[in-house]
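Reproduced below: run.txt, with compact mmCIF, C-alpha atoms.
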# COMPACT_ATOMS: atom_id res chain seq x y z
CA MET A 1 -55.36 -76.22 3.23
CA SER A 2 -51.96 -77.86 3.05
CA THR A 3 -53.19 -80.16 0.27
CA HIS A 4 -54.27 -77.22 -1.91
CA LEU A 5 -50.90 -75.45 -1.30
CA GLN A 6 -48.95 -78.54 -2.32
CA THR A 7 -51.06 -78.88 -5.47
CA LEU A 8 -50.40 -75.21 -6.42
CA LEU A 9 -46.66 -75.55 -5.92
CA LEU A 10 -46.62 -78.70 -8.02
CA LEU A 11 -48.39 -76.94 -10.89
CA CYS A 12 -45.95 -73.99 -10.77
CA TRP A 13 -42.99 -76.35 -10.82
CA THR A 14 -44.40 -78.27 -13.73
CA PHE A 15 -44.98 -75.05 -15.75
CA THR A 16 -41.49 -73.86 -15.03
CA GLN A 17 -39.91 -77.10 -16.10
CA GLY A 18 -41.96 -77.09 -19.29
CA ALA A 19 -40.91 -73.59 -20.17
CA TYR A 20 -37.30 -74.38 -19.45
CA THR A 21 -37.50 -77.50 -21.57
CA PHE A 22 -39.00 -75.46 -24.40
CA THR A 23 -36.45 -72.73 -24.39
CA SER A 24 -33.36 -74.61 -23.38
CA PRO A 25 -32.23 -75.27 -26.97
CA HIS A 26 -32.36 -71.48 -27.69
CA TRP A 27 -30.32 -70.48 -24.67
CA GLY A 28 -27.83 -73.23 -25.27
CA GLU A 29 -27.42 -72.00 -28.83
CA TRP A 30 -26.92 -68.38 -27.63
CA ASN A 31 -24.25 -69.38 -25.09
CA ASP A 32 -22.30 -71.26 -27.76
CA SER A 33 -22.54 -68.39 -30.26
CA GLN A 34 -19.59 -66.10 -30.89
CA LEU A 35 -21.81 -63.15 -31.78
CA LEU A 36 -22.63 -61.91 -28.33
CA PRO A 37 -19.73 -62.33 -25.91
CA THR A 38 -20.03 -62.44 -22.16
CA ILE A 39 -17.88 -60.64 -19.61
CA GLN A 40 -16.38 -63.93 -18.55
CA LYS A 41 -15.20 -64.67 -22.09
CA LEU A 42 -13.69 -61.22 -22.52
CA MET A 43 -11.96 -61.29 -19.16
CA LYS A 44 -10.53 -64.79 -19.66
CA GLY A 45 -6.75 -64.40 -19.63
CA TYR A 46 -7.00 -60.57 -19.37
CA ASN A 47 -4.32 -58.85 -17.25
CA ARG A 48 -5.47 -55.39 -16.18
CA TYR A 49 -2.02 -54.52 -14.88
CA LEU A 50 -0.50 -54.52 -18.37
CA ARG A 51 -1.36 -51.78 -20.81
CA PRO A 52 -2.56 -52.61 -24.34
CA ASN A 53 0.11 -53.08 -26.99
CA PHE A 54 2.65 -53.92 -24.34
CA ASN A 55 6.12 -54.05 -25.98
CA GLU A 56 4.49 -53.13 -29.30
CA GLY A 57 4.32 -49.33 -29.12
CA PRO A 58 2.42 -46.62 -27.28
CA VAL A 59 -1.33 -46.64 -26.76
CA GLU A 60 -3.14 -43.80 -28.50
CA ILE A 61 -5.75 -42.28 -26.22
CA GLY A 62 -8.27 -39.82 -27.64
CA MET A 63 -9.82 -37.21 -25.34
CA SER A 64 -12.99 -35.15 -25.49
CA LEU A 65 -14.63 -32.85 -22.96
CA ASP A 66 -18.08 -31.58 -22.19
CA ILE A 67 -18.03 -28.54 -19.89
CA ALA A 68 -21.24 -28.85 -17.89
CA SER A 69 -20.71 -25.72 -15.81
CA ILE A 70 -18.16 -23.33 -14.39
CA ASP A 71 -19.51 -22.81 -10.91
CA ALA A 72 -17.18 -20.17 -9.49
CA ILE A 73 -14.22 -18.05 -10.52
CA SER A 74 -12.25 -16.67 -7.59
CA GLU A 75 -9.85 -13.74 -7.97
CA ILE A 76 -8.75 -14.12 -4.35
CA ASN A 77 -7.65 -17.76 -4.72
CA MET A 78 -6.97 -17.44 -8.46
CA ASP A 79 -8.84 -20.56 -9.46
CA TYR A 80 -12.10 -21.72 -10.99
CA THR A 81 -14.41 -24.63 -10.23
CA ALA A 82 -15.82 -26.62 -13.16
CA THR A 83 -17.93 -29.73 -13.66
CA ILE A 84 -16.84 -31.68 -16.72
CA PHE A 85 -17.60 -34.90 -18.56
CA LEU A 86 -14.27 -36.48 -19.50
CA ARG A 87 -14.33 -39.11 -22.23
CA GLN A 88 -11.31 -41.26 -23.15
CA ARG A 89 -11.04 -43.71 -26.02
CA TRP A 90 -8.35 -46.25 -26.74
CA ARG A 91 -8.06 -49.62 -28.47
CA ASP A 92 -7.31 -52.79 -26.56
CA SER A 93 -6.77 -55.77 -28.88
CA ARG A 94 -7.40 -58.17 -26.02
CA LEU A 95 -11.07 -57.10 -26.00
CA VAL A 96 -11.84 -57.76 -29.68
CA PHE A 97 -14.92 -59.84 -30.38
CA PRO A 98 -16.79 -60.64 -33.60
CA GLY A 99 -19.76 -58.65 -34.77
CA ASN A 100 -20.67 -54.96 -34.84
CA GLU A 101 -22.21 -54.68 -31.42
CA SER A 102 -20.98 -52.85 -28.32
CA VAL A 103 -21.18 -53.89 -24.70
CA SER A 104 -21.93 -51.39 -21.94
CA VAL A 105 -20.36 -52.52 -18.72
CA ASP A 106 -21.41 -51.41 -15.27
CA GLY A 107 -19.10 -48.69 -14.00
CA ARG A 108 -18.37 -50.72 -10.88
CA LEU A 109 -16.57 -53.26 -13.06
CA VAL A 110 -13.95 -50.70 -14.06
CA SER A 111 -11.52 -52.41 -11.73
CA LEU A 112 -11.46 -55.37 -14.13
CA LEU A 113 -10.02 -53.33 -17.04
CA TRP A 114 -6.88 -51.39 -17.73
CA ILE A 115 -7.61 -47.64 -17.78
CA PRO A 116 -5.31 -44.65 -18.35
CA ASP A 117 -3.89 -42.83 -15.34
CA THR A 118 -5.05 -39.41 -16.54
CA PHE A 119 -4.95 -36.56 -14.03
CA ILE A 120 -5.34 -32.76 -13.92
CA PRO A 121 -2.00 -31.27 -12.81
CA ASP A 122 -3.39 -27.85 -11.81
CA SER A 123 -6.24 -29.27 -9.79
CA LYS A 124 -6.49 -28.16 -6.15
CA ARG A 125 -9.53 -30.25 -5.24
CA SER A 126 -11.58 -32.70 -7.26
CA PHE A 127 -14.07 -35.49 -6.77
CA LEU A 128 -16.03 -38.04 -8.77
CA HIS A 129 -19.79 -37.76 -8.53
CA ASP A 130 -21.40 -40.80 -6.94
CA VAL A 131 -25.14 -40.11 -6.82
CA THR A 132 -26.86 -42.49 -7.16
CA VAL A 133 -23.87 -44.56 -8.23
CA GLU A 134 -20.40 -43.55 -9.33
CA ASN A 135 -20.79 -41.60 -12.55
CA ARG A 136 -18.68 -43.86 -14.77
CA LEU A 137 -19.32 -45.39 -18.14
CA ILE A 138 -17.49 -48.33 -19.72
CA ARG A 139 -18.42 -49.31 -23.28
CA ILE A 140 -16.53 -51.93 -25.27
CA PHE A 141 -16.83 -52.07 -29.05
CA SER A 142 -16.31 -55.14 -31.19
CA ASN A 143 -12.98 -53.87 -32.61
CA GLY A 144 -11.55 -53.58 -29.09
CA THR A 145 -12.17 -49.84 -28.68
CA VAL A 146 -12.95 -48.88 -25.11
CA LEU A 147 -14.90 -45.77 -24.20
CA TYR A 148 -14.38 -44.62 -20.63
CA ALA A 149 -16.40 -41.61 -19.47
CA LEU A 150 -16.74 -40.05 -16.05
CA ARG A 151 -18.22 -36.92 -14.47
CA ILE A 152 -15.97 -34.96 -12.16
CA THR A 153 -15.90 -31.57 -10.45
CA ALA A 154 -12.50 -29.95 -9.98
CA THR A 155 -11.13 -26.68 -8.64
CA ILE A 156 -8.32 -25.72 -10.98
CA ALA A 157 -5.70 -23.00 -10.60
CA CYS A 158 -5.72 -20.11 -13.06
CA ASN A 159 -3.00 -17.47 -13.03
CA MET A 160 -4.72 -14.11 -13.43
CA ASP A 161 -3.41 -10.70 -14.39
CA LEU A 162 -5.60 -8.19 -12.55
CA THR A 163 -3.87 -4.99 -13.62
CA LYS A 164 -6.86 -4.08 -15.82
CA TYR A 165 -9.54 -5.23 -13.38
CA PRO A 166 -12.51 -4.92 -13.95
CA MET A 167 -11.83 -4.50 -17.67
CA ASP A 168 -9.56 -7.51 -17.71
CA ARG A 169 -9.41 -10.57 -19.93
CA GLN A 170 -8.27 -13.79 -18.29
CA VAL A 171 -6.94 -16.86 -20.11
CA CYS A 172 -7.36 -20.06 -18.10
CA THR A 173 -6.34 -23.60 -18.98
CA LEU A 174 -7.49 -27.14 -18.33
CA GLN A 175 -4.57 -29.56 -18.61
CA LEU A 176 -4.68 -33.35 -18.87
CA GLU A 177 -1.56 -35.43 -18.33
CA SER A 178 -0.57 -39.01 -17.74
CA TRP A 179 0.68 -39.67 -14.25
CA GLY A 180 2.94 -42.70 -14.75
CA TYR A 181 3.02 -43.58 -18.45
CA ASN A 182 5.48 -41.55 -20.51
CA LEU A 183 5.47 -40.90 -24.24
CA GLN A 184 6.88 -44.37 -24.94
CA ASP A 185 3.78 -45.89 -23.32
CA VAL A 186 0.81 -43.64 -24.16
CA VAL A 187 0.06 -40.79 -26.56
CA PHE A 188 -2.76 -38.30 -25.98
CA TYR A 189 -4.68 -36.57 -28.76
CA TRP A 190 -7.91 -34.62 -29.16
CA THR A 191 -10.45 -36.75 -30.98
CA ARG A 192 -11.86 -33.88 -33.11
CA GLY A 193 -9.49 -30.97 -32.55
CA ASN A 194 -11.24 -27.88 -31.20
CA ASP A 195 -14.59 -29.62 -31.67
CA SER A 196 -13.57 -32.07 -28.98
CA VAL A 197 -14.69 -29.50 -26.40
CA LYS A 198 -18.40 -28.86 -26.01
CA GLY A 199 -20.42 -26.67 -23.71
CA LEU A 200 -18.29 -23.52 -23.54
CA ASP A 201 -20.36 -21.78 -26.20
CA THR A 202 -23.54 -22.10 -24.16
CA LEU A 203 -22.17 -21.24 -20.73
CA ARG A 204 -23.72 -18.30 -18.88
CA LEU A 205 -21.50 -16.91 -16.15
CA ALA A 206 -22.21 -14.19 -13.59
CA GLN A 207 -19.28 -11.86 -14.28
CA TYR A 208 -17.66 -13.34 -17.38
CA SER A 209 -18.42 -14.33 -20.91
CA VAL A 210 -16.42 -16.93 -22.83
CA GLU A 211 -14.64 -15.02 -25.57
CA SER A 212 -12.78 -17.84 -27.32
CA TYR A 213 -11.18 -21.24 -26.75
CA TYR A 214 -8.80 -23.63 -28.50
CA THR A 215 -6.97 -26.89 -27.84
CA THR A 216 -3.30 -27.80 -28.06
CA VAL A 217 -1.19 -30.95 -27.78
CA SER A 218 2.00 -30.64 -25.78
CA GLU A 219 4.49 -32.50 -23.65
CA ALA A 220 5.11 -32.29 -19.93
CA VAL A 221 8.79 -32.55 -19.07
CA TYR A 222 9.72 -33.68 -15.58
CA GLU A 223 12.77 -35.16 -13.99
CA THR A 224 11.36 -38.65 -14.53
CA GLY A 225 10.77 -38.19 -18.26
CA GLN A 226 8.44 -36.74 -20.88
CA TYR A 227 4.72 -37.29 -20.54
CA PRO A 228 1.79 -36.63 -22.88
CA LYS A 229 -0.20 -33.48 -22.25
CA LEU A 230 -3.39 -31.97 -23.63
CA VAL A 231 -4.34 -28.36 -22.92
CA LEU A 232 -7.63 -26.53 -23.29
CA HIS A 233 -7.21 -22.74 -23.42
CA PHE A 234 -10.26 -20.53 -22.94
CA ALA A 235 -10.45 -16.74 -22.63
CA LEU A 236 -12.87 -15.06 -20.25
CA ARG A 237 -13.91 -11.43 -20.67
CA ARG A 238 -15.27 -9.75 -17.56
CA ASN A 239 -18.60 -7.94 -17.85
CA VAL A 240 -17.82 -4.37 -16.81
CA LEU A 241 -21.41 -3.10 -16.67
CA PHE A 242 -21.89 -4.30 -13.11
CA PHE A 243 -18.82 -2.41 -11.91
CA ILE A 244 -19.85 0.73 -13.79
CA LEU A 245 -23.14 0.78 -11.90
CA GLU A 246 -21.63 -0.37 -8.60
CA THR A 247 -18.42 1.69 -8.39
CA TYR A 248 -17.73 4.05 -11.28
CA VAL A 249 -21.05 5.94 -11.35
CA PRO A 250 -21.09 6.57 -7.55
CA SER A 251 -17.48 7.78 -7.74
CA ILE A 252 -18.30 10.22 -10.53
CA LEU A 253 -21.32 11.52 -8.64
CA LEU A 254 -19.21 12.10 -5.54
CA VAL A 255 -16.70 14.11 -7.57
CA VAL A 256 -19.50 16.22 -9.06
CA LEU A 257 -20.96 16.71 -5.57
CA SER A 258 -17.64 18.08 -4.35
CA TRP A 259 -17.83 20.77 -7.06
CA VAL A 260 -21.04 22.17 -5.57
CA SER A 261 -18.96 24.02 -3.00
CA PHE A 262 -17.53 26.24 -5.76
CA TRP A 263 -20.94 27.95 -6.03
CA ILE A 264 -21.33 28.45 -2.27
CA SER A 265 -20.19 31.73 -0.73
CA GLN A 266 -16.78 31.68 0.91
CA SER A 267 -18.28 33.13 4.04
CA SER A 268 -20.38 29.94 4.49
CA VAL A 269 -17.59 28.07 6.20
CA PRO A 270 -19.71 25.27 7.79
CA ALA A 271 -21.53 24.46 4.55
CA ARG A 272 -18.45 24.18 2.38
CA THR A 273 -16.47 22.32 5.02
CA CYS A 274 -19.31 19.84 5.52
CA ILE A 275 -19.53 19.07 1.79
CA GLY A 276 -15.78 18.58 1.49
CA VAL A 277 -15.39 16.32 4.51
CA THR A 278 -18.50 14.27 3.71
CA THR A 279 -17.41 13.54 0.15
CA VAL A 280 -13.90 12.59 1.29
CA LEU A 281 -15.22 10.14 3.88
CA THR A 282 -17.76 8.65 1.48
CA MET A 283 -15.10 8.16 -1.16
CA THR A 284 -12.85 6.45 1.39
CA THR A 285 -15.66 4.03 2.28
CA LEU A 286 -16.28 3.29 -1.39
CA MET A 287 -12.59 2.54 -1.94
CA MET A 288 -12.50 0.15 1.00
CA GLY A 289 -15.61 -1.67 -0.22
CA ALA A 290 -14.18 -2.11 -3.71
CA ARG A 291 -11.14 -3.93 -2.30
CA THR A 292 -12.98 -6.46 -0.15
CA SER A 293 -13.44 -8.98 -2.99
CA LEU A 294 -9.93 -8.67 -4.37
CA PRO A 295 -6.57 -10.10 -3.32
CA ASN A 296 -4.47 -7.77 -1.20
CA ALA A 297 -1.43 -8.22 -3.40
CA ASN A 298 0.97 -5.35 -3.70
CA CYS A 299 2.00 -6.47 -7.17
CA PHE A 300 -1.40 -5.52 -8.60
CA ILE A 301 -2.32 -1.88 -9.08
CA LYS A 302 -5.72 -2.47 -10.60
CA ALA A 303 -7.58 -0.20 -12.98
CA ILE A 304 -10.37 0.33 -10.47
CA ASP A 305 -7.79 1.41 -7.86
CA VAL A 306 -6.40 3.96 -10.30
CA TYR A 307 -9.85 5.39 -11.00
CA LEU A 308 -10.83 5.54 -7.33
CA GLY A 309 -7.51 7.24 -6.63
CA ILE A 310 -8.23 9.81 -9.35
CA CYS A 311 -11.69 10.53 -7.92
CA PHE A 312 -10.30 10.80 -4.40
CA THR A 313 -7.66 13.25 -5.63
CA PHE A 314 -10.27 15.52 -7.24
CA ILE A 315 -12.50 15.39 -4.16
CA PHE A 316 -9.62 16.18 -1.85
CA GLY A 317 -8.48 18.90 -4.25
CA ALA A 318 -11.91 20.55 -4.01
CA LEU A 319 -11.53 20.61 -0.23
CA LEU A 320 -8.06 22.12 -0.50
CA GLU A 321 -9.38 24.68 -2.98
CA TYR A 322 -11.73 26.09 -0.38
CA ALA A 323 -8.95 26.10 2.21
CA CYS A 324 -6.77 28.16 -0.15
CA ALA A 325 -9.62 30.49 -1.11
CA HIS A 326 -10.52 31.10 2.52
CA PHE A 327 -6.88 31.64 3.44
CA TYR A 328 -6.33 34.24 0.71
CA THR A 329 -9.55 35.99 1.63
CA MET A 330 -8.42 36.38 5.23
CA GLN A 331 -4.91 37.35 4.11
CA ASN A 332 -6.31 40.00 1.77
CA GLN A 333 -8.23 41.54 4.65
CA THR A 334 -5.10 41.48 6.83
CA ILE A 335 -3.00 43.19 4.16
CA GLU A 336 -5.61 45.88 3.67
CA ASP A 337 -5.63 46.55 7.42
CA LEU A 338 -1.83 46.75 7.39
CA TYR A 339 -1.90 49.25 4.51
CA ARG A 340 -4.33 51.46 6.37
CA GLU A 341 -2.15 51.44 9.51
CA LEU A 342 0.98 52.30 7.53
CA LEU A 343 -0.79 55.12 5.72
CA LYS A 344 -2.13 56.52 9.00
CA GLU A 345 1.30 56.41 10.60
CA LEU A 346 2.86 58.10 7.59
CA ASN A 347 0.28 60.86 7.65
CA GLU A 348 0.82 61.40 11.35
CA SER A 349 4.59 61.63 10.92
CA SER A 350 4.30 64.14 8.03
CA GLY A 351 2.24 66.58 10.15
CA ASN A 352 0.45 69.62 8.76
CA GLY A 353 3.50 71.49 7.33
CA SER A 354 4.73 73.21 10.59
CA ILE A 355 7.91 72.54 12.53
CA PRO A 356 7.81 72.05 16.28
CA VAL A 357 8.90 74.94 18.50
CA VAL A 358 12.64 75.08 19.25
CA THR A 359 13.87 76.77 22.44
CA SER A 360 16.60 79.43 22.00
CA THR A 361 19.72 79.92 24.18
CA GLN A 362 18.25 83.17 25.41
CA PRO A 363 15.28 82.97 27.74
CA ASN A 364 11.76 83.85 26.65
CA GLN A 365 12.59 83.50 22.93
CA SER A 366 11.35 80.94 20.50
CA VAL A 367 11.23 80.48 16.72
CA GLU A 368 8.49 78.80 14.58
CA ILE A 369 8.95 78.04 10.97
CA CYS A 370 6.77 79.97 8.55
CA SER A 371 5.91 82.46 11.39
CA THR A 372 6.04 86.27 11.11
CA ALA A 373 7.73 87.04 14.48
CA GLU A 374 10.24 89.80 14.89
CA GLU A 375 13.78 89.19 13.59
CA PRO A 376 16.06 87.71 16.26
CA THR A 377 19.60 88.53 16.84
CA GLU A 378 22.27 87.22 14.50
CA GLN A 379 23.48 84.49 16.88
CA SER A 380 19.98 83.27 17.61
CA ALA A 381 19.11 83.25 13.90
CA ASN A 382 22.11 81.07 13.01
CA SER A 383 21.30 78.62 15.79
CA ASP A 384 17.63 78.40 14.81
CA THR A 385 18.53 77.86 11.14
CA LYS A 386 20.77 74.88 11.96
CA ASN A 387 18.15 73.30 14.19
CA ASN A 388 15.47 73.83 11.56
CA GLU A 389 17.51 72.13 8.82
CA ALA A 390 18.31 69.14 11.05
CA LEU A 391 14.63 68.72 11.89
CA LYS A 392 13.67 68.83 8.20
CA GLU A 393 16.24 66.19 7.29
CA LYS A 394 15.03 63.97 10.13
CA THR A 395 11.42 64.34 9.04
CA HIS A 396 12.15 63.64 5.38
CA GLY A 397 14.32 60.62 6.29
CA ARG A 398 11.58 59.12 8.41
CA GLY A 399 9.08 59.65 5.59
CA ARG A 400 11.35 57.93 3.10
CA THR A 401 11.80 54.97 5.50
CA LEU A 402 8.06 54.50 5.90
CA ALA A 403 7.51 54.79 2.15
CA SER A 404 10.19 52.21 1.39
CA LEU A 405 8.74 49.90 4.07
CA LYS A 406 5.31 50.23 2.54
CA GLY A 407 6.63 49.43 -0.97
CA ALA A 408 8.61 46.43 0.24
CA SER A 409 5.61 45.03 2.12
CA ARG A 410 3.48 45.45 -0.99
CA ARG A 411 5.99 43.62 -3.17
CA ALA A 412 6.38 40.79 -0.64
CA ALA A 413 2.65 40.42 -0.14
CA SER A 414 1.94 40.49 -3.88
CA ILE A 415 3.84 37.26 -4.30
CA PHE A 416 1.52 35.30 -1.96
CA THR A 417 -1.61 37.38 -2.33
CA VAL A 418 -4.48 37.08 -4.77
CA GLU A 419 -5.98 40.46 -5.51
CA ASN A 420 -9.50 39.00 -5.70
CA PRO A 421 -9.84 35.66 -3.83
CA HIS A 422 -13.28 35.12 -5.34
CA ASN A 423 -11.57 34.47 -8.67
CA ILE A 424 -10.28 31.17 -7.24
CA ASP A 425 -13.81 29.77 -7.14
CA ARG A 426 -14.56 31.16 -10.60
CA HIS A 427 -11.53 29.45 -12.11
CA ALA A 428 -12.18 26.23 -10.19
CA ARG A 429 -15.65 25.94 -11.74
CA THR A 430 -13.97 25.54 -15.13
CA VAL A 431 -10.63 23.91 -14.31
CA PHE A 432 -11.91 21.00 -12.19
CA PRO A 433 -14.58 19.68 -14.64
CA THR A 434 -12.28 20.13 -17.63
CA ALA A 435 -9.40 18.32 -15.96
CA PHE A 436 -11.67 15.51 -14.76
CA LEU A 437 -13.10 15.02 -18.25
CA PHE A 438 -9.62 14.95 -19.78
CA VAL A 439 -8.37 12.39 -17.26
CA ASN A 440 -11.43 10.20 -17.88
CA ILE A 441 -10.81 10.20 -21.62
CA LEU A 442 -7.20 9.11 -21.10
CA TYR A 443 -8.22 6.48 -18.54
CA TRP A 444 -10.87 4.76 -20.65
CA LEU A 445 -8.79 4.90 -23.82
CA TYR A 446 -5.87 3.26 -22.10
CA TYR A 447 -7.71 0.46 -20.28
CA LEU A 448 -10.20 -0.36 -23.01
CA PHE A 449 -8.12 -0.14 -26.17
CA LEU A 450 -4.45 -0.44 -25.16
Before we go any further, please render this structure as structure tokens.
Amino acid sequence: MSTHLQTLLLLCWTFTQGAYTFTSPHWGEWNDSQLLPTIQKLMKGYNRYLRPNFNEGPVEIGMSLDIASIDAISEINMDYTATIFLRQRWRDSRLVFPGNESVSVDGRLVSLLWIPDTFIPDSKRSFLHDVTVENRLIRIFSNGTVLYALRITATIACNMDLTKYPMDRQVCTLQLESWGYNLQDVVFYWTRGNDSVKGLDTLRLAQYSVESYYTTVSEAVYETGQYPKLVLHFALRRNVLFFILETYVPSILLVVLSWVSFWISQSSVPARTCIGVTTVLTMTTLMMGARTSLPNANCFIKAIDVYLGICFTFIFGALLEYACAHFYTMQNQTIEDLYRELLKELNESSGNGSIPVVTSTQPNQSVEICSTAEEPTEQSANSDTKNNEALKEKTHGRGRTLASLKGASRRAASIFTVENPHNIDRHARTVFPTAFLFVNILYWLYYLFL
């Protein structure tokens, strides 16, 4: 058994040596050729701590972006999370080799080369993807151009103006700057202008749609100097249809429901009170739910807050309308009762046209006005005449007092009294819908077109 194994190993060794002997001139020729360089040749004498063109001028670095996705846009934190492919190109004369070929280097060898110190200044959190390996690409062209690409996910701040929420339009930016190299060392530029950014046209977001985007070249000025800066501006328009179905339509229906009480009799106190209180509480719950996903910042009075406030005002106004109508109905009944009492008292004080009996100074003699008794003596007649005139004046004075009191009460009550309280409901059936329609027209014109 051992003899056969030794024989097999000897044959394999002989075949290998023969193949090596046959191909050794080819491989020796390839190693000596200048057409296909090796990493060792390129790295010979290379100092990765010195930038290209050191003491000869700034390095021009071209940038391009592929937006893979925008995962989340948060109004509470005022930021967005995006996954991007960042590609950087620059020319390093130390890496020139003959021919027209390019060499793709393993991303783990990036530590052997000089690379720009590009960073995202508005980034809150970011990381480089590393499944299954770090998502880096290094490609070296024969003229010394280096392509460095990487895939990163970053959460980037975006200052938002929520005054027109949910009919708002937000403009966010993605900024790229150099951390340590100033304008004397490196210069950033977009490789193809606005076409340097890909992927935004095909993005599909939950609440937004990408309206437009453009790129700019700028400078970042700090205390330590001026640094190159590239900015991508993109505008996001919020899709309002979701909020119309989720918030606006229920609010309108609640307002319309509160108007149902105008067609219910004022004597149905429980029914009208139940409708008013229920709509007020439901509207309050809807307002609280609409604010849960928004920042509690006092500086923002949002469009949806204005509309919910308008709806709440109309609903609460419908409840107050019934309170006023019921109050004037009860007051009208009270005034009518008061008029009847005053009229009864006036009639009682006026009497039936006769004067009460007055006792004379002589016994067993009395005088009644409009009576046909025998003529009294002269002294008794004078006394009875004086008493009769005094009684008439007293009666007429009391009648005038009651009449003036009645007129004054009517004038005072007419100021705060509605002659027919049922007219309040009749007018409310027209005034409330008309006013609500007018306010809606102003609201949508302002927030959609101004």
Coordinates-based distance that separates atom CA of Thr155 of chain A from atom CA of Asp122 of chain A (Å, one decimal):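 Distance reported for this atom pair: 8.4 Å.
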Selection near Arg204 of chain A, 9 Å with all atoms listed in the file, sequence-local residues under 4 positions removed, as an NGL selection string: :A and (69-70 or 200 or 208-210)
From A:Leu205, A:Val256, A:Val217, A:Cys311, residue lying nearest Asn239 of chain A [only C-alpha atoms]: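 The answer is A:Leu205, which sits nearest to Asn239 of chain A.
From atom CA of Ala149 of chain A back to atom CA of Asp195 of chain A, the distance works out to 17.2 Å.
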Gap from atom CA of Ala325 of chain A to atom CA of Pro433 of chain A - Å, one decimal: 18.0 Å
9 Å contact set for Leu257 of chain A, only C-alpha atoms, chain neighbours under 4 positions out, as a PDB file with C-alpha atoms, in the coordinates of the input:
ATOM      1  CA  ILE A 252     -18.300  10.220 -10.530  1.00  0.00           C
ATOM      2  CA  LEU A 253     -21.320  11.520  -8.640  1.00  0.00           C
ATOM      3  CA  SER A 261     -18.960  24.020  -3.000  1.00  0.00           C
ATOM      4  CA  ILE A 275     -19.530  19.070   1.790  1.00  0.00           C
ATOM      5  CA  GLY A 276     -15.780  18.580   1.490  1.00  0.00           C
ATOM      6  CA  THR A 279     -17.410  13.540   0.150  1.00  0.00           C
ATOM      7  CA  ILE A 315     -12.500  15.390  -4.160  1.00  0.00           C
TER       8      ILE A 315
END
Segment 90-158 of chain A residues near segment 220-237 of chain A within 12 Å, closest pair each, using all atoms listed in the file, as CSV:
residue,atom,partner,partner_atom,distance
A:Pro116,CA,A:Pro228,CA,11.6
A:Asp117,CA,A:Pro228,CA,11.3
A:Thr118,CA,A:Lys229,CA,9.6
A:Phe119,CA,A:Lys229,CA,10.0
A:Ile120,CA,A:Lys229,CA,9.8
A:Pro121,CA,A:Lys229,CA,9.9
A:Asp122,CA,A:Val231,CA,11.2
A:Cys158,CA,A:His233,CA,10.8
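For the choices A:Pro52, A:Gly309, A:Gly199, A:Gly317, the atom-to-atom distance to Phe262 of chain A is smallest for A:Gly317 when using all atoms listed in the file.
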Neighbour list for segment 439-450 of chain A as a ChimeraX atom specification, cut-off 9 Å, all atoms listed in the file, skip fewer than 5 positions in-chain: /A:164,167-168,303,306-307,310,434
Ser102 of chain A environment, 8 Å, only C-alpha atoms, sequence neighbours closer than 4 positions dropped, as a count of residues only: 4
Nearest residue to Lys41 of chain A from the set A:Val96, A:Leu308, A:Ile73, A:Val131 (distances using only C-alpha atoms): A:Val96
12 Å contact set for His326 of chain A, only C-alpha atoms, chain neighbours under 5 positions out, as JSON, numbers by chain: {"A": [262, 265, 266, 267, 268, 269, 272, 273, 319, 320, 321, 331, 332, 333, 417, 418, 420, 421, 422, 423, 424, 425]}
Protein, DNA and RNA residues within 12 Å of (3.3, -49.4, -28.8), only C-alpha atoms, as a list of chain:residue names: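 Using only C-alpha atoms, the matching residues come out as A:Arg51, A:Pro52, A:Asn53, A:Phe54, A:Asn55, A:Glu56, A:Gly57, A:Pro58, A:Val59, A:Glu60, A:Ile61, A:Arg91, A:Asp92, A:Ser93, A:Tyr181, A:Asn182, A:Leu183, A:Gln184, A:Asp185, A:Val186, A:Val187.
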Nearest to Asp79 of chain A by atom-to-atom distance, counting only C-alpha atoms, from A:Gln170, A:Thr278, A:Thr202, A:Thr132: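 Looking only at the distances to Asp79 of chain A, the closest residue turns out to be A:Gln170.
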Since the input is missing atoms, can you rebuild N, CA and C atoms for segment 277-283 of chain A and write them as a PDB file, in the frame of the given file?
ATOM      1  N   VAL A 277     -15.710  17.439   3.624  1.00  0.00           N
ATOM      2  CA  VAL A 277     -15.390  16.320   4.510  1.00  0.00           C
ATOM      3  C   VAL A 277     -16.285  15.127   4.232  1.00  0.00           C
ATOM      4  N   THR A 278     -17.569  15.374   3.974  1.00  0.00           N
ATOM      5  CA  THR A 278     -18.500  14.270   3.710  1.00  0.00           C
ATOM      6  C   THR A 278     -18.119  13.509   2.445  1.00  0.00           C
ATOM      7  N   THR A 279     -17.794  14.214   1.389  1.00  0.00           N
ATOM      8  CA  THR A 279     -17.410  13.540   0.150  1.00  0.00           C
ATOM      9  C   THR A 279     -16.100  12.776   0.295  1.00  0.00           C
ATOM     10  N   VAL A 280     -15.165  13.308   1.059  1.00  0.00           N
ATOM     11  CA  VAL A 280     -13.900  12.590   1.290  1.00  0.00           C
ATOM     12  C   VAL A 280     -14.147  11.299   2.047  1.00  0.00           C
ATOM     13  N   LEU A 281     -14.945  11.340   3.096  1.00  0.00           N
ATOM     14  CA  LEU A 281     -15.220  10.140   3.880  1.00  0.00           C
ATOM     15  C   LEU A 281     -16.014   9.114   3.073  1.00  0.00           C
ATOM     16  N   THR A 282     -16.990   9.577   2.303  1.00  0.00           N
ATOM     17  CA  THR A 282     -17.760   8.650   1.480  1.00  0.00           C
ATOM     18  C   THR A 282     -16.892   7.985   0.433  1.00  0.00           C
ATOM     19  N   MET A 283     -15.999   8.736  -0.174  1.00  0.00           N
ATOM     20  CA  MET A 283     -15.100   8.160  -1.160  1.00  0.00           C
ATOM     21  C   MET A 283     -14.161   7.145  -0.523  1.00  0.00           C
TER      22      MET A 283
END
